[in-house]
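Take a look at the structure set out below.
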Amino acid sequence: MGITKWFENRTVLKSVSLEVDEGCISAIMGPNGAGKSTLLKITALIIEPSEGEVVLDGRSCRGPEDQRRVQRRKMALVFQKPVLFNMSVEDNVSIGLRARGVQDRVVRDRVDEIVVLLALADLRRRDPKTLSGGEAQRVALARALVMRPKLLLLDEPTASADPNNASIIEKAVMTAASERGCGVLLATHNPQQARRLAKETAFLFDGQILETGPTDSLLSRPKDDRTRGYVSGMMPR
Amino acid sequence: MPGWDEILSGMVHGLQLILSGDPGVIQITLLSLRVSGGATLLGALVGISLGALLSLADFRGRTFVVALVNTMTGLPPVVVGLVLYLLLSSSGPLGFLKLLYTPEAMVVAQLIMVIPIVASITLSAISSVDQETKQAVRSLGASPFRELLIILNEARVGLLTSVVVGFGSAISEVGAIMMVGGNLLGHTRALTTAVVLLTNQGEFAQAIALGMVLLALGFSVNVLLMFLRGELFSGTLPYLTARRSGPK
């Protein structure tokens with residue numbers, strides 16, 4: 001059974017079913033309000049579905065909070081608007097590891113590695129409030145990647161980034177997938193980005209998946225009129 | 001009634017008493033700091049915990065408890081003093097504790113007034129942390145206690161304000177501590193109760209001196225708050241960056 005979610009009288013997801021393989025990047029595209037962010041938050045186990053369940057590593061993520069926390073630790077979510085805490089950039093990057101009680105030496109090594117990957121070395125001591133949108137998005141991605149998730153959930157990760165920041169972010173995501181075997185579910189409005197990163201893409205419209213398939217064929221030859229309308233509006237002519 | 005001359009000369013004399021380190025002024029000031037400091041410390045522990053519980057937990061009757069806590073922020077000190085007096089008097093249900101007319105009874109009286117203030121401001125500070133930040137904290141996969149610490153860290157300026165406001169309320173309180181402390185010289189005489197007594201006795205210079213100490217304390221606490229706010233904005237509280245060196 002797919003994921004269904006309703007808020008009061010409004011259904012935002014209708015039996016949505018998606019699969020992400022290890023080491024693969026899959027994209028979800030769809031207009032604003034289609035339910036992409038809600039789907040990612042449900043998958044990250046931070047909001048509950050009304051019906052259906054998330055299955056990770058073949059195990060259901062239903063159950064008591066302790067079990068859900070164990071499953072939650074296998075995932076990381078980067079929000080569309082980067083959420084950074086009131087602490088230095090370095091502490092923002094390491095907070096997830098520290099919150100999980102990871103040994104200091106391991107934290108240091110992993111932070112050093114991720115800081116290089118996301119070109120954050122000069123920003124380590126900075127107050128997040130002084131960062132640009134793209135820099136903040138890189139920090140948010142670093143905090144997610146440093147935890148080495150099995151499943152990385154990205155909600156329009158380059159929405160507030162300029163081309164240079166976007167390129168750094170995309171390379172880091174591809175590295176995580178190819179070198180660490182991290183599965184990635186990417187919500188994006190950008191067809192070029194979906195083509196660059198995602199092998200498979202699903203088109204979400206009004207809480208329903210209208211079609212899924214290899215990214216190139218879905219974007220070049222959409223089967224559903226609504227997908228075609230969306231893609232033709234988004235693609236450069 | 002004293003005129004301007006008397007008020008001005010009282011201020012000058014008061015200043016002289018403070019600068020000369022008058023033992024009476026020092027003793028009363030130290031007692032006030034001990035009582036109000038103790039009440040604020042305990043009130044912060046209980047009030048922040050209560051405020052955090054009310055803002056993060058979802059339970060039946062929560063709205064009622066929140067309304068009750070908010071109402072108690074305006075608790076009349078004399079009512080607290082009266083109830084506590086009846087409880088602690090020798091024939092009262094807690095008379096066996098023999099706390100009446102002791103500094104400990106004064107701490108309890110101020111504590112009752114500090115807790116709702118700290119809890120109410122904490123509740124408001126945590127509620128103002130936006131929903132997506134709370135979701136981001138949840139997504140870290142931390143234990144509930146760690147999650148709480150991170151959220152408290154996000155609300156830390158509000159928490160600090162709650163403690164400072166709580167202290168301000170405690171140190172300036174007079175009615176309740178007068179009733180349960182008895183205003184005994186050298187034992188339970190605090191700054192505020194001494195000012196009341198000295199004014200009634202026409203000892204304006206001493207009363208003004210103690211009033212100036214009270215104002216100075218209030219001012220110092222606010223300066224400290226401004227300093228800490230500056231520091232806290234640019235740093236991270238130690239409990240979040242605590243290093244762990246043991247085996248994973």
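Naming scheme: A, B, ... for chains in displayed order of the structure tokens; residues 1 onward per chain; ligands 1 onward as shown.
Residues surrounding A:Arg138 within 9 Å are Pro82, Leu118, Ala119, Leu120, Gly133, Arg143, Pro157, Thr158, Ala161, Asn165, Ala166, Ile168 and Ile169 of chain A [only C-alpha atoms; sequence separation below 5 positions excluded].
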Output file for the selection above: C-alpha atoms, as a PDB file, in the first residue's frame:
ATOM      1  CA  PRO A  82      18.050  25.437   4.586  1.00  0.00           C
ATOM      2  CA  LEU A 118      31.447  20.913  -0.023  1.00  0.00           C
ATOM      3  CA  ALA A 119      34.117  23.646  -0.081  1.00  0.00           C
ATOM      4  CA  LEU A 120      33.249  24.873   3.431  1.00  0.00           C
ATOM      5  CA  GLY A 133      21.539  31.082   0.451  1.00  0.00           C
ATOM      6  CA  ARG A 143      25.170  18.055   7.903  1.00  0.00           C
ATOM      7  CA  PRO A 157      18.568  21.408  -2.691  1.00  0.00           C
ATOM      8  CA  THR A 158      19.705  24.052  -5.163  1.00  0.00           C
ATOM      9  CA  ALA A 161      21.940  28.374  -4.872  1.00  0.00           C
ATOM     10  CA  ASN A 165      26.973  26.496  -5.452  1.00  0.00           C
ATOM     11  CA  ALA A 166      24.534  24.290  -7.353  1.00  0.00           C
ATOM     12  CA  ILE A 168      29.223  21.877  -5.804  1.00  0.00           C
ATOM     13  CA  ILE A 169      26.000  20.480  -4.346  1.00  0.00           C
TER      14      ILE A 169
END
Could you tell me which residues of chain A sit within 9 Å of chain B when counting only C-alpha atoms, and give me the result as a ChimeraX atom specification? /A:41,44-47,66,68-79,83-88,91,94-106,126-127,144,147
Would you write out those residues with C-alpha atoms, as an mmCIF file, in the first residue's frame?
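Writing done, so here's out_27.cif:
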data_model
loop_
_atom_site.group_PDB
_atom_site.id
_atom_site.type_symbol
_atom_site.label_atom_id
_atom_site.label_comp_id
_atom_site.auth_asym_id
_atom_site.auth_seq_id
_atom_site.Cartn_x
_atom_site.Cartn_y
_atom_site.Cartn_z
ATOM 1 C CA LYS A 41 9.073 14.378 5.375
ATOM 2 C CA ALA A 44 12.236 10.783 6.692
ATOM 3 C CA LEU A 45 9.846 9.670 9.469
ATOM 4 C CA ILE A 46 9.336 13.152 10.828
ATOM 5 C CA ILE A 47 5.639 13.256 10.036
ATOM 6 C CA ASP A 66 12.568 3.853 19.569
ATOM 7 C CA ARG A 68 11.504 4.586 14.256
ATOM 8 C CA ARG A 69 14.517 6.491 15.598
ATOM 9 C CA VAL A 70 16.812 3.621 14.612
ATOM 10 C CA GLN A 71 15.393 3.742 11.073
ATOM 11 C CA ARG A 72 15.464 7.551 11.039
ATOM 12 C CA ARG A 73 19.205 7.419 11.684
ATOM 13 C CA LYS A 74 19.677 5.668 8.352
ATOM 14 C CA MET A 75 18.286 8.688 6.535
ATOM 15 C CA ALA A 76 18.985 12.388 6.241
ATOM 16 C CA LEU A 77 16.755 15.157 4.946
ATOM 17 C CA VAL A 78 17.778 18.490 3.487
ATOM 18 C CA PHE A 79 14.965 21.010 3.511
ATOM 19 C CA VAL A 83 17.472 25.025 8.307
ATOM 20 C CA LEU A 84 20.599 25.929 10.241
ATOM 21 C CA PHE A 85 20.843 26.069 14.011
ATOM 22 C CA ASN A 86 22.148 28.957 16.126
ATOM 23 C CA MET A 87 25.735 27.711 16.275
ATOM 24 C CA SER A 88 28.830 27.914 14.091
ATOM 25 C CA ASP A 91 28.886 22.795 14.873
ATOM 26 C CA SER A 94 28.684 17.970 13.326
ATOM 27 C CA ILE A 95 25.496 18.308 15.382
ATOM 28 C CA GLY A 96 23.853 15.187 13.934
ATOM 29 C CA LEU A 97 26.864 13.019 14.733
ATOM 30 C CA ARG A 98 27.210 14.487 18.212
ATOM 31 C CA ALA A 99 23.498 14.085 18.848
ATOM 32 C CA ARG A 100 23.958 10.383 18.068
ATOM 33 C CA GLY A 101 26.874 10.108 20.491
ATOM 34 C CA VAL A 102 29.535 9.421 17.856
ATOM 35 C CA GLN A 103 33.106 9.431 19.158
ATOM 36 C CA ASP A 104 34.900 12.764 18.873
ATOM 37 C CA ARG A 105 37.768 11.499 16.698
ATOM 38 C CA VAL A 106 35.305 10.058 14.185
ATOM 39 C CA ARG A 126 31.093 31.532 10.559
ATOM 40 C CA ASP A 127 27.719 32.332 12.067
ATOM 41 C CA ALA A 144 23.172 15.408 6.053
ATOM 42 C CA MET A 147 25.945 11.210 8.835
#
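Proximity ranking of B:Leu82, B:Met179, B:Leu160, B:Val114 relative to B:Thr102 places B:Met179 first, based on only C-alpha atoms.
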For A:Val89, list every protein, DNA or RNA residue within 7 Å, evaluated using only C-alpha atoms, and leave out those in the same chain fewer than 5 positions away; present the list as an NGL selection string. :A and (123-128 or 139)
For the residues in that selection, give me N, CA and C atoms as a JSON list (two decimals), in the first residue's frame.
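Output saved as again12.json:
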[["chain", "number", "residue", "atom", "x", "y", "z"],
["A", 123, "LEU", "N", 34.52, 28.59, 5.85],
["A", 123, "LEU", "CA", 33.29, 29.03, 6.54],
["A", 123, "LEU", "C", 33.11, 28.38, 7.90],
["A", 124, "ARG", "N", 34.05, 27.54, 8.30],
["A", 124, "ARG", "CA", 33.85, 26.69, 9.49],
["A", 124, "ARG", "C", 33.43, 27.46, 10.73],
["A", 125, "ARG", "N", 34.03, 28.63, 10.95],
["A", 125, "ARG", "CA", 33.76, 29.39, 12.19],
["A", 125, "ARG", "C", 32.63, 30.40, 12.03],
["A", 126, "ARG", "N", 32.09, 30.47, 10.84],
["A", 126, "ARG", "CA", 31.09, 31.53, 10.56],
["A", 126, "ARG", "C", 29.77, 31.27, 11.26],
["A", 127, "ASP", "N", 29.08, 32.38, 11.56],
["A", 127, "ASP", "CA", 27.72, 32.33, 12.07],
["A", 127, "ASP", "C", 26.81, 32.08, 10.86],
["A", 128, "PRO", "N", 25.93, 31.09, 10.92],
["A", 128, "PRO", "CA", 25.09, 30.77, 9.75],
["A", 128, "PRO", "C", 24.27, 31.96, 9.25],
["A", 139, "VAL", "N", 25.93, 23.94, 3.66],
["A", 139, "VAL", "CA", 26.10, 23.52, 5.07],
["A", 139, "VAL", "C", 25.03, 22.49, 5.43]]
Proximity to A:Gly207 - best of A:Leu18, A:Ala27, A:Glu170, A:Leu39, only C-alpha atoms: A:Leu39
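For the set B:Ser49, B:Val213, B:Val164, B:Leu86, the residue with the smallest atom-to-atom gap to B:Leu19 is B:Val213, counting only C-alpha atoms.
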Neighbour list for B:Ile115 as number ranges by chain, cut-off 8 Å, only C-alpha atoms, skip fewer than 5 positions in-chain: B: 43-44, 46-47, 166
Tell me, as a tab-separated table (two decimals) with C-alpha atoms, in the first residue's frame, which residues lie within 12 Å of B:Ile26, counting only C-alpha atoms; anything in the same chain fewer than 4 positions away does not count.
chain	number	residue	atom	x	y	z
B	17	LEU	CA	26.82	54.08	53.23
B	18	ILE	CA	27.30	51.98	50.09
B	19	LEU	CA	30.78	53.29	49.32
B	20	SER	CA	31.95	52.89	52.90
B	21	GLY	CA	30.84	49.24	52.85
B	22	ASP	CA	28.36	49.60	55.70
B	30	LEU	CA	23.88	39.32	50.76
B	31	LEU	CA	20.77	37.80	52.31
B	32	SER	CA	18.63	39.17	49.47
B	33	LEU	CA	21.03	37.76	46.90
B	186	GLY	CA	20.33	39.82	60.83
B	189	ARG	CA	15.68	41.09	56.70
B	190	ALA	CA	16.02	41.52	52.94
B	191	LEU	CA	16.49	44.69	50.87
B	206	GLN	CA	19.29	54.01	54.96
B	209	ALA	CA	20.79	53.44	50.29
B	210	LEU	CA	19.10	50.05	50.15
B	213	VAL	CA	21.43	48.83	45.95
B	214	LEU	CA	18.23	47.27	44.63
In Å to one decimal, how far is atom CA of B:Gly51 from atom CA of B:Val107? 20.7 Å
Could you please write out, as a ChimeraX atom specification, every residue of stretch 46-233 of chain B that DSSP assigns to helix (DSSP H, G or I)? /B:46-56,62-72,77-88,95-97,103-127,131-139,144-154,156-171,175-181,191-201,204-233
Taking 6 positions as the minimum chain separation for residues in the same chain, which residues sit within 8 Å of stretch 215-225 of chain A when counting only C-alpha atoms? Answer as an MDAnalysis selection string. chainID A and resid 191 194:195 198:201 231
Do a neighbour search on A:Ser26 at 12 Å with only C-alpha atoms, toss out local chain neighbours closer than 5 positions, and write the hits as a VMD selection string. chain A and resid 18 to 21 151 to 154 173 to 174 177 182 to 188 193 to 203 212 to 215
How would you write, as JSON, numbers by chain, the set of residues in stretch 55-165 of chain A that DSSP gives as strand (DSSP E or B)? {"A": [55, 56, 59, 60, 75, 76, 77, 78, 151, 152, 153, 154, 155]}
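Distance check against A:Trp6 using only C-alpha atoms: of A:Pro163, A:Pro149, A:Gly52, A:Gly30, the minimum falls on A:Gly52.
Of the residues listed (A:Leu141, A:Leu131, A:Ala176, A:Met29), A:Leu141 shows the shortest atom-to-atom separation from A:Val93; distances use only C-alpha atoms.
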